[in-house]
>>> print(open('target-v1.txt').read())   # compact mmCIF, C-alpha atoms
# COMPACT_ATOMS: atom_id res chain seq x y z
CA MET A 1 -44.09 8.39 -2.42
CA LYS A 2 -44.18 11.17 -4.96
CA LYS A 3 -41.06 13.08 -5.94
CA ILE A 4 -40.55 16.85 -6.06
CA GLY A 5 -37.78 18.62 -7.96
CA LEU A 6 -36.78 22.26 -7.67
CA ILE A 7 -34.66 24.70 -9.67
CA SER A 8 -33.73 27.91 -7.86
CA LEU A 9 -32.72 30.95 -9.91
CA GLY A 10 -31.52 34.39 -8.87
CA CYS A 11 -30.10 35.58 -5.58
CA ALA A 12 -29.34 33.97 -2.23
CA LYS A 13 -32.53 35.45 -0.80
CA ASN A 14 -34.47 33.52 -3.43
CA LEU A 15 -32.48 30.40 -2.52
CA VAL A 16 -33.66 30.62 1.09
CA ASP A 17 -37.26 30.80 -0.17
CA SER A 18 -36.56 27.68 -2.27
CA GLU A 19 -35.23 25.84 0.78
CA LEU A 20 -38.36 26.78 2.75
CA ILE A 21 -40.64 25.60 -0.08
CA LEU A 22 -38.78 22.28 -0.26
CA GLY A 23 -39.35 21.98 3.47
CA VAL A 24 -43.11 22.29 2.93
CA PHE A 25 -43.06 19.35 0.50
CA LYS A 26 -40.70 17.26 2.63
CA LYS A 27 -43.02 17.76 5.60
CA ALA A 28 -45.84 16.42 3.38
CA ASN A 29 -43.73 13.27 2.75
CA TYR A 30 -42.54 14.09 -0.75
CA ILE A 31 -39.15 12.76 -1.82
CA ILE A 32 -36.81 15.51 -3.03
CA SER A 33 -35.26 14.62 -6.39
CA ASP A 34 -32.52 16.28 -8.42
CA GLN A 35 -33.78 14.65 -11.63
CA ILE A 36 -36.35 16.62 -13.65
CA GLU A 37 -37.32 13.59 -15.74
CA ASP A 38 -38.01 11.55 -12.59
CA SER A 39 -40.09 14.11 -10.64
CA ASP A 40 -43.86 14.12 -10.25
CA ALA A 41 -43.77 17.89 -9.83
CA ILE A 42 -41.08 20.45 -10.68
CA ILE A 43 -40.84 23.85 -9.05
CA ILE A 44 -38.95 26.69 -10.72
CA ASN A 45 -38.22 29.57 -8.36
CA THR A 46 -37.79 32.45 -10.79
CA CYS A 47 -35.99 35.78 -10.74
CA GLY A 48 -37.60 38.85 -12.31
CA PHE A 49 -35.16 41.54 -11.21
CA ILE A 50 -33.52 42.53 -14.52
CA ASN A 51 -33.96 41.58 -18.18
CA GLU A 52 -31.20 38.98 -18.23
CA ALA A 53 -32.68 37.25 -15.18
CA LYS A 54 -36.14 37.24 -16.76
CA LYS A 55 -34.74 35.68 -19.93
CA GLU A 56 -33.01 32.98 -17.89
CA SER A 57 -36.26 32.22 -16.04
CA ILE A 58 -38.28 31.91 -19.27
CA LYS A 59 -35.57 29.77 -20.87
CA THR A 60 -35.56 27.46 -17.85
CA ILE A 61 -39.36 27.09 -17.96
CA PHE A 62 -39.25 25.94 -21.59
CA GLU A 63 -36.33 23.60 -20.94
CA VAL A 64 -38.23 21.92 -18.10
CA LEU A 65 -41.36 21.62 -20.23
CA GLN A 66 -39.31 19.68 -22.78
CA LYS A 67 -37.63 17.39 -20.23
CA LYS A 68 -40.34 16.59 -17.69
CA LYS A 69 -42.42 13.45 -17.92
CA LYS A 70 -45.88 13.68 -19.43
CA ASN A 71 -48.06 13.83 -16.32
CA SER A 72 -45.74 15.72 -13.98
CA LEU A 73 -46.76 19.18 -12.82
CA LEU A 74 -44.81 22.37 -13.47
CA ILE A 75 -45.05 24.98 -10.72
CA VAL A 76 -43.56 28.44 -11.27
CA VAL A 77 -42.95 30.55 -8.16
CA GLY A 78 -40.94 33.60 -7.15
CA CYS A 79 -40.32 37.06 -8.47
CA LEU A 80 -41.20 36.52 -12.14
CA ALA A 81 -44.35 34.72 -11.04
CA LYS A 82 -45.36 37.74 -8.98
CA ARG A 83 -44.45 40.37 -11.56
CA TYR A 84 -45.80 38.69 -14.69
CA LYS A 85 -48.41 36.19 -13.50
CA GLN A 86 -51.09 37.08 -16.04
CA GLU A 87 -48.60 37.19 -18.89
CA LEU A 88 -47.25 33.76 -17.95
CA LEU A 89 -50.74 32.29 -17.73
CA LYS A 90 -51.52 33.62 -21.19
CA GLU A 91 -48.26 32.89 -22.98
CA ILE A 92 -47.28 29.55 -21.36
CA PRO A 93 -50.54 27.71 -20.55
CA GLU A 94 -48.54 24.49 -19.99
CA ILE A 95 -47.59 25.84 -16.54
CA ASP A 96 -49.83 24.08 -14.01
CA LEU A 97 -49.50 26.51 -11.10
CA ILE A 98 -48.09 30.02 -10.69
CA ILE A 99 -47.41 31.35 -7.19
CA GLY A 100 -45.94 34.81 -6.63
CA VAL A 101 -43.90 35.81 -3.60
CA ASP A 102 -46.90 37.73 -2.29
CA GLU A 103 -48.85 34.46 -2.06
CA TYR A 104 -46.36 32.49 0.05
CA HIS A 105 -48.37 33.17 3.20
CA ASN A 106 -51.25 31.27 1.59
CA LEU A 107 -49.09 28.43 0.25
CA PRO A 108 -50.74 25.55 2.22
CA THR A 109 -54.20 26.36 0.85
CA ILE A 110 -52.94 26.82 -2.72
CA LEU A 111 -51.06 23.51 -2.66
CA GLU A 112 -53.86 21.59 -0.93
CA ASN A 113 -56.31 22.68 -3.63
CA LYS A 114 -53.91 21.45 -6.32
CA PHE A 115 -52.45 18.29 -4.75
CA LYS A 116 -55.28 17.24 -2.42
CA ASN A 117 -52.66 16.73 0.32
CA LYS A 118 -52.12 18.42 3.67
CA PHE A 119 -49.34 21.04 3.61
CA SER A 120 -47.73 23.22 6.28
CA SER A 121 -46.70 26.87 6.12
CA LEU A 122 -43.21 28.09 5.20
CA SER A 123 -41.02 27.58 8.23
CA TYR A 124 -37.33 27.59 9.08
CA GLU A 125 -37.98 24.46 11.15
CA ASN A 126 -38.71 22.41 8.01
CA ARG A 127 -36.12 24.10 5.79
CA VAL A 128 -34.12 21.86 3.45
CA LEU A 129 -30.54 23.11 3.12
CA THR A 130 -29.57 22.80 -0.53
CA SER A 131 -25.95 23.73 0.23
CA PHE A 132 -25.51 20.86 2.72
CA PRO A 133 -23.04 19.16 3.27
CA LEU A 134 -21.12 22.36 2.39
CA PRO A 135 -20.40 24.14 5.67
CA PHE A 136 -22.28 27.42 5.10
CA ALA A 137 -25.90 28.53 5.15
CA TYR A 138 -27.72 31.76 4.40
CA LEU A 139 -29.71 33.33 7.21
CA LYS A 140 -32.32 35.76 5.90
CA ILE A 141 -33.31 38.37 8.48
CA GLY A 142 -35.75 40.50 6.50
CA GLU A 143 -37.81 40.77 3.36
CA GLY A 144 -38.64 43.46 0.80
CA CYS A 145 -37.09 46.90 0.37
CA SER A 146 -38.11 50.46 1.19
CA ASN A 147 -35.26 52.31 -0.52
CA ARG A 148 -37.12 53.01 -3.78
CA CYS A 149 -34.11 53.27 -6.09
CA ALA A 150 -35.23 54.56 -9.48
CA TYR A 151 -34.07 51.48 -11.41
CA CYS A 152 -35.15 48.74 -9.00
CA ALA A 153 -38.19 46.45 -9.26
CA ILE A 154 -37.71 44.78 -5.87
CA PRO A 155 -40.31 46.92 -4.03
CA LEU A 156 -42.79 46.14 -6.84
CA ILE A 157 -42.17 42.44 -6.38
CA ARG A 158 -41.55 41.97 -2.66
CA GLY A 159 -43.04 45.11 -1.14
CA ASP A 160 -41.68 47.33 1.62
CA TYR A 161 -38.95 46.12 3.94
CA TYR A 162 -39.94 44.19 7.04
CA SER A 163 -37.78 42.48 9.64
CA TYR A 164 -38.18 38.90 10.81
CA PRO A 165 -38.70 38.59 14.59
CA LYS A 166 -35.44 38.13 16.46
CA GLU A 167 -36.73 34.96 18.15
CA VAL A 168 -37.24 33.28 14.76
CA ILE A 169 -33.79 34.31 13.50
CA LEU A 170 -31.91 33.28 16.64
CA LYS A 171 -33.69 29.93 16.77
CA GLU A 172 -32.72 29.22 13.15
CA ALA A 173 -29.13 30.38 13.75
CA LYS A 174 -28.80 27.96 16.68
CA ARG A 175 -30.36 25.12 14.67
CA LEU A 176 -27.89 25.67 11.83
CA ILE A 177 -24.92 25.76 14.20
CA ASP A 178 -26.16 22.61 15.94
CA ILE A 179 -26.24 20.64 12.66
CA GLY A 180 -22.63 21.61 11.90
CA ILE A 181 -22.83 24.82 9.86
CA LYS A 182 -19.52 26.66 10.20
CA GLU A 183 -20.45 29.92 8.47
CA LEU A 184 -23.70 31.89 8.71
CA VAL A 185 -24.20 34.41 5.90
CA ILE A 186 -26.60 37.14 7.02
CA ILE A 187 -28.76 38.46 4.17
CA ALA A 188 -31.70 40.76 3.43
CA GLN A 189 -32.27 43.35 0.77
CA ASP A 190 -30.95 45.89 3.28
CA THR A 191 -29.46 44.25 6.37
CA THR A 192 -28.59 47.60 7.96
CA ARG A 193 -32.31 48.42 8.22
CA TYR A 194 -32.95 45.43 10.48
CA GLY A 195 -35.24 45.99 13.45
CA LYS A 196 -36.08 49.62 12.78
CA ASP A 197 -39.60 48.72 11.65
CA ILE A 198 -40.55 46.49 14.59
CA TYR A 199 -38.31 47.38 17.54
CA LYS A 200 -37.46 50.55 19.45
CA ASP A 201 -34.04 49.51 20.71
CA TYR A 202 -33.03 46.26 18.97
CA TYR A 203 -31.26 46.66 15.65
CA LEU A 204 -28.71 44.87 13.47
CA GLU A 205 -25.92 45.36 16.00
CA ASN A 206 -28.00 43.75 18.75
CA LEU A 207 -29.08 40.84 16.57
CA LEU A 208 -25.50 40.24 15.42
CA GLU A 209 -24.17 40.22 18.95
CA ASP A 210 -26.76 37.64 19.98
CA ILE A 211 -25.87 35.46 16.99
CA LEU A 212 -22.13 35.81 17.57
CA LYS A 213 -22.49 34.70 21.18
CA LEU A 214 -24.14 31.41 20.15
CA ASP A 215 -20.82 29.86 19.10
CA SER A 216 -17.49 31.68 18.96
CA ASN A 217 -16.19 29.16 16.41
CA CYS A 218 -18.94 29.77 13.86
CA TRP A 219 -18.08 32.41 11.27
CA VAL A 220 -20.64 35.14 10.63
CA ARG A 221 -20.60 37.13 7.39
CA LEU A 222 -22.74 40.18 6.60
CA LEU A 223 -24.01 41.07 3.13
CA TYR A 224 -25.85 44.12 1.73
CA LEU A 225 -24.73 46.94 4.04
CA TYR A 226 -25.97 50.35 2.96
CA PRO A 227 -23.04 52.75 3.44
CA ASP A 228 -24.94 55.59 5.09
CA ARG A 229 -26.35 53.16 7.69
CA ILE A 230 -23.07 51.59 8.82
CA SER A 231 -22.85 52.80 12.41
CA ASP A 232 -19.82 53.12 14.67
CA ASN A 233 -21.40 50.49 16.93
CA LEU A 234 -21.57 48.07 14.03
CA ILE A 235 -17.93 48.67 13.10
CA GLN A 236 -16.87 48.10 16.73
CA LEU A 237 -18.38 44.60 16.69
CA PHE A 238 -15.79 43.48 14.14
CA SER A 239 -13.02 44.24 16.62
CA LYS A 240 -14.91 42.73 19.54
CA TYR A 241 -15.80 39.39 17.91
CA PRO A 242 -13.12 37.49 15.92
CA ASN A 243 -15.78 35.25 14.35
CA LEU A 244 -17.47 38.26 12.70
CA LEU A 245 -15.62 38.22 9.40
CA PRO A 246 -14.18 41.63 8.38
CA TYR A 247 -15.97 41.51 5.03
CA PHE A 248 -17.92 44.60 3.98
CA ASP A 249 -20.39 44.17 1.13
CA ILE A 250 -21.43 47.76 0.44
CA PRO A 251 -23.62 48.35 -2.66
CA ILE A 252 -22.72 51.81 -3.98
CA GLN A 253 -23.86 51.75 -7.66
CA HIS A 254 -22.17 55.06 -8.61
CA SER A 255 -20.02 57.89 -7.35
CA SER A 256 -21.24 60.83 -9.45
CA GLN A 257 -23.65 62.98 -7.44
CA LYS A 258 -25.72 63.60 -10.55
CA MET A 259 -26.12 59.87 -11.10
CA LEU A 260 -26.82 59.14 -7.42
CA ASN A 261 -29.57 61.77 -7.43
CA ALA A 262 -31.04 60.34 -10.64
CA MET A 263 -30.92 56.81 -9.19
CA HIS A 264 -32.64 58.02 -6.00
CA ARG A 265 -29.75 56.62 -3.97
CA SER A 266 -29.17 57.81 -0.43
CA GLY A 267 -25.74 59.01 0.64
CA ASN A 268 -23.03 60.56 -1.49
CA LYS A 269 -19.38 60.05 -2.41
CA SER A 270 -18.18 61.90 0.68
CA ILE A 271 -20.19 59.59 2.95
CA TYR A 272 -18.90 56.54 1.06
CA LEU A 273 -15.29 57.63 1.41
CA ASP A 274 -15.71 58.50 5.08
CA VAL A 275 -17.23 55.17 6.07
CA ILE A 276 -14.76 53.12 4.02
CA ASN A 277 -11.76 55.01 5.42
CA LYS A 278 -13.16 54.70 8.94
CA ILE A 279 -13.45 50.94 8.49
CA LYS A 280 -9.92 50.71 7.04
CA ASN A 281 -8.50 52.65 10.00
CA LYS A 282 -10.25 50.50 12.62
CA ILE A 283 -10.00 47.17 10.78
CA PRO A 284 -6.79 47.07 8.70
CA ASN A 285 -7.54 43.66 7.18
CA ALA A 286 -11.06 44.60 6.07
CA VAL A 287 -12.26 43.36 2.67
CA PHE A 288 -14.61 45.47 0.55
CA ARG A 289 -17.07 44.37 -2.10
CA THR A 290 -19.44 46.57 -4.09
CA THR A 291 -21.69 46.65 -7.15
CA LEU A 292 -21.89 49.39 -9.76
CA ILE A 293 -24.31 50.33 -12.53
CA VAL A 294 -23.05 51.84 -15.78
CA GLY A 295 -25.14 53.18 -18.65
CA PHE A 296 -27.86 54.64 -16.41
CA PRO A 297 -29.96 57.23 -18.30
CA GLY A 298 -28.06 60.53 -18.53
CA GLU A 299 -24.66 59.12 -17.58
CA ASP A 300 -22.17 61.24 -19.54
CA GLU A 301 -18.40 61.01 -19.92
CA ASN A 302 -17.78 63.16 -16.85
CA ASP A 303 -19.96 60.89 -14.71
CA PHE A 304 -18.14 57.83 -16.01
CA LYS A 305 -14.75 59.45 -15.43
CA ASP A 306 -15.79 60.21 -11.85
CA LEU A 307 -16.72 56.54 -11.37
CA LYS A 308 -13.41 55.27 -12.77
CA GLU A 309 -11.44 57.59 -10.51
CA PHE A 310 -13.52 56.47 -7.53
CA VAL A 311 -12.82 52.79 -8.25
CA GLN A 312 -9.11 53.54 -8.57
CA GLU A 313 -9.12 55.49 -5.31
CA ILE A 314 -10.98 52.94 -3.14
CA LYS A 315 -9.39 49.80 -4.64
CA PHE A 316 -12.23 47.43 -3.85
CA ASP A 317 -11.26 43.81 -3.32
CA HIS A 318 -14.33 42.56 -5.16
CA LEU A 319 -16.42 44.54 -7.62
CA GLY A 320 -19.34 43.63 -9.88
CA VAL A 321 -20.55 45.85 -12.72
CA PHE A 322 -24.04 45.74 -14.22
CA THR A 323 -25.21 47.56 -17.30
CA TYR A 324 -28.47 49.43 -16.72
CA SER A 325 -31.58 47.29 -17.25
CA ASP A 326 -34.61 49.32 -18.32
CA GLU A 327 -37.34 47.81 -16.16
CA GLU A 328 -41.00 48.66 -16.80
CA ASN A 329 -42.96 50.29 -13.97
CA THR A 330 -39.80 51.68 -12.37
CA PRO A 331 -39.24 55.47 -12.31
CA SER A 332 -36.15 55.29 -14.55
CA HIS A 333 -38.14 53.51 -17.28
CA LYS A 334 -39.63 56.92 -18.11
CA PHE A 335 -36.29 58.75 -18.06
CA LYS A 336 -34.95 60.26 -21.25
CA ASN A 337 -31.31 60.33 -22.43
CA LYS A 338 -31.04 56.52 -22.48
CA ILE A 339 -27.54 55.16 -23.07
CA SER A 340 -26.97 52.63 -25.86
CA LYS A 341 -26.12 49.04 -24.93
CA LYS A 342 -22.89 49.36 -26.90
CA ILE A 343 -21.68 52.30 -24.82
CA ALA A 344 -22.86 50.69 -21.56
CA ASN A 345 -21.04 47.45 -22.36
CA GLN A 346 -17.86 49.34 -23.24
CA ARG A 347 -18.01 51.20 -19.93
CA LYS A 348 -18.50 47.92 -18.09
CA LYS A 349 -15.46 46.50 -19.86
CA GLU A 350 -13.32 49.51 -18.90
CA ILE A 351 -14.28 49.31 -15.22
CA MET A 352 -13.61 45.57 -15.10
CA GLU A 353 -10.18 46.02 -16.69
CA ILE A 354 -9.32 48.57 -14.01
CA GLN A 355 -10.67 46.25 -11.32
CA GLN A 356 -8.73 43.24 -12.58
CA ASN A 357 -5.47 45.07 -12.03
CA ILE A 358 -6.58 46.32 -8.61
CA SER A 359 -7.67 42.85 -7.54
CA TYR A 360 -4.38 41.30 -8.62
CA LEU A 361 -2.34 43.93 -6.73
CA ASN A 362 -4.52 43.46 -3.63
CA ASN A 363 -3.97 39.71 -3.81
CA THR A 364 -0.18 40.03 -4.15
CA LYS A 365 -0.14 41.79 -0.78
CA ARG A 366 -1.61 38.63 0.78
CA ILE A 367 1.35 36.45 -0.16
CA ASN A 368 2.91 34.93 3.00
CA GLN A 369 -0.23 35.64 5.04
CA ILE A 370 -1.79 32.74 6.94
CA HIS A 371 -5.55 32.31 6.48
CA ASP A 372 -8.15 30.05 8.02
CA VAL A 373 -9.82 28.37 5.04
CA ILE A 374 -13.03 26.34 4.78
CA ILE A 375 -12.49 23.45 2.32
CA GLU A 376 -15.41 23.19 -0.11
CA ASP A 377 -14.36 21.30 -3.25
CA PHE A 378 -11.79 19.03 -4.88
CA ASP A 379 -11.31 18.54 -8.64
CA GLY A 380 -8.85 15.65 -8.54
CA ASN A 381 -5.82 17.93 -8.50
CA ASN A 382 -6.57 20.94 -6.32
CA TYR A 383 -8.72 21.68 -3.31
CA TYR A 384 -10.81 24.86 -3.29
CA GLY A 385 -11.84 26.81 -0.24
CA ARG A 386 -12.72 30.20 1.14
CA SER A 387 -11.11 32.38 3.75
CA TYR A 388 -12.78 35.51 5.12
CA LEU A 389 -11.85 37.14 1.79
CA TYR A 390 -14.54 35.34 -0.20
CA ALA A 391 -18.30 35.06 0.15
CA PRO A 392 -19.86 31.72 -0.85
CA ASP A 393 -21.35 32.73 -4.17
CA THR A 394 -18.47 31.76 -6.55
CA ILE A 395 -18.29 35.40 -7.70
CA ASP A 396 -15.51 36.62 -5.40
CA GLY A 397 -13.00 33.84 -5.99
CA PHE A 398 -11.35 30.94 -4.15
CA VAL A 399 -8.31 29.88 -2.23
CA ILE A 400 -6.66 27.19 -4.38
CA ILE A 401 -4.86 24.61 -2.26
CA LYS A 402 -2.40 21.95 -3.32
CA SER A 403 -2.07 19.20 -0.75
CA LYS A 404 -0.48 15.76 -0.90
CA GLN A 405 -2.50 14.76 2.13
CA PRO A 406 -6.27 14.32 1.65
CA LEU A 407 -8.37 17.16 3.07
CA THR A 408 -11.91 16.81 4.33
CA ILE A 409 -14.68 18.90 2.78
CA GLY A 410 -16.19 21.16 5.43
CA THR A 411 -13.15 21.41 7.68
CA ILE A 412 -11.30 24.63 8.47
CA ILE A 413 -7.51 24.52 8.05
CA LYS A 414 -4.66 27.01 8.16
CA VAL A 415 -3.18 27.89 4.78
CA LYS A 416 -0.13 29.98 3.88
CA ILE A 417 -0.70 32.10 0.76
CA ILE A 418 2.08 31.55 -1.79
CA LYS A 419 0.72 32.88 -5.09
CA ALA A 420 -1.68 35.53 -6.38
CA TYR A 421 -3.97 35.64 -9.40
CA ALA A 422 -6.41 38.27 -10.59
CA TYR A 423 -9.32 36.92 -8.56
CA ASP A 424 -8.01 33.85 -6.71
CA ILE A 425 -5.09 33.15 -4.41
CA GLU A 426 -3.10 29.94 -3.98
CA GLY A 427 -1.83 28.49 -0.75
CA GLU A 428 -0.23 25.53 0.92
CA VAL A 429 -1.42 23.71 4.01
CA LEU A 430 0.59 24.44 7.11
CA ASN A 431 1.87 21.34 8.87
CA ARG A 432 -0.82 20.05 11.16
>>> encode(input="target-v1.txt", output="structure tokens")
Amino acid sequence: MKKIGLISLGCAKNLVDSELILGVFKKANYIISDQIEDSDAIIINTCGFINEAKKESIKTIFEVLQKKKKNSLLIVVGCLAKRYKQELLKEIPEIDLIIGVDEYHNLPTILENKFKNKFSSLSYENRVLTSFPLPFAYLKIGEGCSNRCAYCAIPLIRGDYYSYPKEVILKEAKRLIDIGIKELVIIAQDTTRYGKDIYKDYYLENLLEDILKLDSNCWVRLLYLYPDRISDNLIQLFSKYPNLLPYFDIPIQHSSQKMLNAMHRSGNKSIYLDVINKIKNKIPNAVFRTTLIVGFPGEDENDFKDLKEFVQEIKFDHLGVFTYSDEENTPSHKFKNKISKKIANQRKKEIMEIQQNISYLNNTKRINQIHDVIIEDFDGNNYYGRSYLYAPDTIDGFVIIKSKQPLTIGTIIKVKIIKAYAYDIEGEVLNR
């Protein structure tokens, strides 16, 4: 049997695509290998969202070209493959096959022409979970984006937003639960838009409730909630279902109205404050994560001051800061008053210094709390896990656990928090 290797770059949504592509090859009786040098074909699922991601994708392509065996095939797929297909064909002719995200529907034909084998279509049924045996899995409920933010290339790459049919999602959710997944992480470019393009009366709240009813012991975590689309009905579900983790990932990007207008972002600071305070009042233990962009064209000192004050007021639990990436073919690429990288990097540093203090103070308030924690790793000294506080992307942080008794990866245990760090917390296992 021939062996297939895959490297997945970029976001969790890209990872789900990678798992579906692996499923296509597994269905065709290929052996999945984690060794580049040993594989008959290597797939690189690329990211083309911002400059740093593009550089990483190109670097990975050249690294694989150096490592792979002489006659193995190199297949480049994903966002970079869609956005720069002709450039890749011209500049890196050693690539054997380039498949953009817009061609995934035609994947069987493309692969059959190249491999002379029979291939199936992308399907959740054949999906290969790359996180397994870790106890979480991503559940993608939609594709593309219709928000048209001025800086964002996602609509150019993946097109307008469309929802997956509820039957497909619920079937996959049940399958994941049945194989032992203990946490479903719901993702899309804009999860709060779910259903509005294909249903008249079935939206995110309805889908969530159907998923939550499948197994009351399976955690469900939501990512990518647009603040102006967080409804009262959605908030109420967090009180109704204990297995819906009170974790609110709300991409805001800025607080200055001038910047929000320039970015073509919906909502405003007043809406952001209202929805966050509403959530805090109804769900006292809610956790908030956001992303911000600094150095956007035209961002002056007053705009940056507004953003710093906003961060200090909200006190997000988790916060990521990106410096503006000037992406061709996006509206902001033509904007004037560009900010230097030096200034943008300094502003990022200032925000992160503020956030580090906020995060530490937030964590100190969790000392003596008891958390349910999924055990995910062991380094020989400490166990590492996640409570509802942390999403499974290694960005938020971990619960560090010291235990004299061996703990089993994938189990959920009760942990008393005894120590706080800037981004992690430490706990001890309660007597079982």
>>> atom_distance(input="target-v1.txt", atom1="CA of Cys152 (chain A)", atom2="CA of Phe322 (chain A)")
12.6 Å
>>> residues_around(input="target-v1.txt", residues="Lys315 (chain A)", least_positions_apart="5", cutoff="8 Å", atoms="only C-alpha atoms", output="number ranges by chain")
A: 355, 358-359
>>> write_last_selection(input="target-v1.txt", atoms="C-alpha atoms", output="mmCIF file, in the coordinates of the input")
data_model
loop_
_atom_site.group_PDB
_atom_site.id
_atom_site.type_symbol
_atom_site.label_atom_id
_atom_site.label_comp_id
_atom_site.auth_asym_id
_atom_site.auth_seq_id
_atom_site.Cartn_x
_atom_site.Cartn_y
_atom_site.Cartn_z
ATOM 1 C CA GLN A 355 -10.670 46.250 -11.320
ATOM 2 C CA ILE A 358 -6.580 46.320 -8.610
ATOM 3 C CA SER A 359 -7.670 42.850 -7.540
#
>>> atom_distance(input="target-v1.txt", atom1="CA of Phe378 (chain A)", atom2="CA of Pro135 (chain A)")
14.5 Å
>>> atom_distance(input="target-v1.txt", atom1="CA of Ala81 (chain A)", atom2="CA of Tyr164 (chain A)")
23.1 Å
>>> residues_around(input="target-v1.txt", residues="Ile4 (chain A)", least_positions_apart="5", cutoff="9 Å", atoms="only C-alpha atoms", output="PyMOL selection string")
chain A and resi 22+25-26+30-34+36+38-43
>>> residues_around(input="target-v1.txt", residues="region 172-187 of chain A", least_positions_apart="4", cutoff="6 Å", atoms="all atoms listed in the file", output="list in words")
Pro135, Phe136, Ala137, Tyr138, Leu139, Lys140, Cys218, Trp219, Val220, Arg221, Leu222 and Leu223 of chain A
>>> write_last_selection(input="target-v1.txt", atoms="C-alpha atoms", output="PDB file, keeping the file's coordinate frame")
ATOM      1  CA  PRO A 135     -20.400  24.140   5.670  1.00  0.00           C
ATOM      2  CA  PHE A 136     -22.280  27.420   5.100  1.00  0.00           C
ATOM      3  CA  ALA A 137     -25.900  28.530   5.150  1.00  0.00           C
ATOM      4  CA  TYR A 138     -27.720  31.760   4.400  1.00  0.00           C
ATOM      5  CA  LEU A 139     -29.710  33.330   7.210  1.00  0.00           C
ATOM      6  CA  LYS A 140     -32.320  35.760   5.900  1.00  0.00           C
ATOM      7  CA  CYS A 218     -18.940  29.770  13.860  1.00  0.00           C
ATOM      8  CA  TRP A 219     -18.080  32.410  11.270  1.00  0.00           C
ATOM      9  CA  VAL A 220     -20.640  35.140  10.630  1.00  0.00           C
ATOM     10  CA  ARG A 221     -20.600  37.130   7.390  1.00  0.00           C
ATOM     11  CA  LEU A 222     -22.740  40.180   6.600  1.00  0.00           C
ATOM     12  CA  LEU A 223     -24.010  41.070   3.130  1.00  0.00           C
TER      13      LEU A 223
END
>>> closest_atom_pairs(input="target-v1.txt", of="region 301-407 of chain A", to="region 267-276 of chain A", cutoff="12 Å", atoms="all atoms listed in the file", output="tab-separated table")
residue	atom	partner	partner_atom	distance
A:Asp306	CA	A:Lys269	CA	10.1
A:Leu307	CA	A:Lys269	CA	10.0
A:Glu309	CA	A:Lys269	CA	11.6
A:Phe310	CA	A:Lys269	CA	8.6
A:Val311	CA	A:Leu273	CA	11.1
A:Glu313	CA	A:Leu273	CA	9.4
A:Ile314	CA	A:Leu273	CA	7.8
A:Lys315	CA	A:Ile276	CA	10.7
A:Phe316	CA	A:Ile276	CA	10.0
>>> axis_aligned_box(input="target-v1.txt", around="region 338-344 of chain A", padding_each_side="3 Å", output="lines of an AutoDock Vina configuration file")
center_x = -26.4
center_y = 52.8
center_z = -24.2
size_x = 15.4
size_y = 13.5
size_z = 11.3
>>> closest_residue(input="target-v1.txt", among="A:Lys13, A:His105, A:Lys416, A:Lys308", to="Ala188 (chain A)", atoms="all atoms listed in the file")
A:Lys13
>>> residues_around(input="target-v1.txt", residues="Ile409 (chain A)", least_positions_apart="6", cutoff="8 Å", atoms="all atoms listed in the file", output="list in words")
Leu134, Ile374, Ile375, Glu376 and Asp377 of chain A
>>> closest_atom_pairs(input="target-v1.txt", of="region 135-241 of chain A", to="region 83-91 of chain A", cutoff="12 Å", atoms="all atoms listed in the file", output="Markdown table")
| residue | atom | partner | partner_atom | distance |
| --- | --- | --- | --- | --- |
| A:Ala153 | CA | A:Arg83 | CA | 9.0 |
| A:Ile154 | CA | A:Arg83 | CA | 9.9 |
| A:Pro155 | CA | A:Arg83 | CA | 10.8 |
| A:Leu156 | CA | A:Arg83 | CA | 7.6 |
| A:Ile157 | CA | A:Arg83 | CA | 6.0 |
| A:Arg158 | CA | A:Arg83 | CA | 9.5 |
| A:Gly159 | CA | A:Arg83 | CA | 11.5 |
>>> closest_residue(input="target-v1.txt", among="A:Leu6, A:Ile293, A:Leu225, A:Ile401", to="His254 (chain A)", atoms="only C-alpha atoms")
A:Ile293
>>> residues_near_point(input="target-v1.txt", point="(-42.9, 17.5, -20.3)", cutoff="12 Å", atoms="all atoms listed in the file", output="list in words")
Ile36, Glu37, Asp38, Ser39, Asp40, Ala41, Ile42, Ile61, Phe62, Glu63, Val64, Leu65, Gln66, Lys67, Lys68, Lys69, Lys70, Asn71, Ser72, Leu73, Leu74, Glu94, Ile95 and Asp96 of chain A
>>> closest_residue(input="target-v1.txt", among="A:Ile198, A:Asn337, A:Pro246, A:Lys114", to="Ala262 (chain A)", atoms="all atoms listed in the file")
A:Asn337
>>> residues_around(input="target-v1.txt", residues="Tyr162 (chain A)", least_positions_apart="4", cutoff="8 Å", atoms="all atoms listed in the file", output="JSON, numbers by chain")
{"A": [142, 143, 144, 145, 194, 197, 198]}
>>> closest_residue(input="target-v1.txt", among="A:Asp210, A:Asp215, A:Glu103, A:Glu205", to="Ile235 (chain A)", atoms="only C-alpha atoms")
A:Glu205
>>> closest_residue(input="target-v1.txt", among="A:Thr291, A:Ser266, A:Asn14, A:Asn233", to="Phe49 (chain A)", atoms="only C-alpha atoms")
A:Asn14
>>> closest_residue(input="target-v1.txt", among="A:Pro284, A:Ile75, A:Glu52, A:Phe304", to="Asp326 (chain A)", atoms="all atoms listed in the file")
A:Glu52
>>> residues_near_point(input="target-v1.txt", point="(-24.2, 51.1, -18.1)", cutoff="12 Å", atoms="only C-alpha atoms", output="PyMOL selection string")
chain A and resi 151+253-254+259+292-301+303-304+307+321-326+338-351
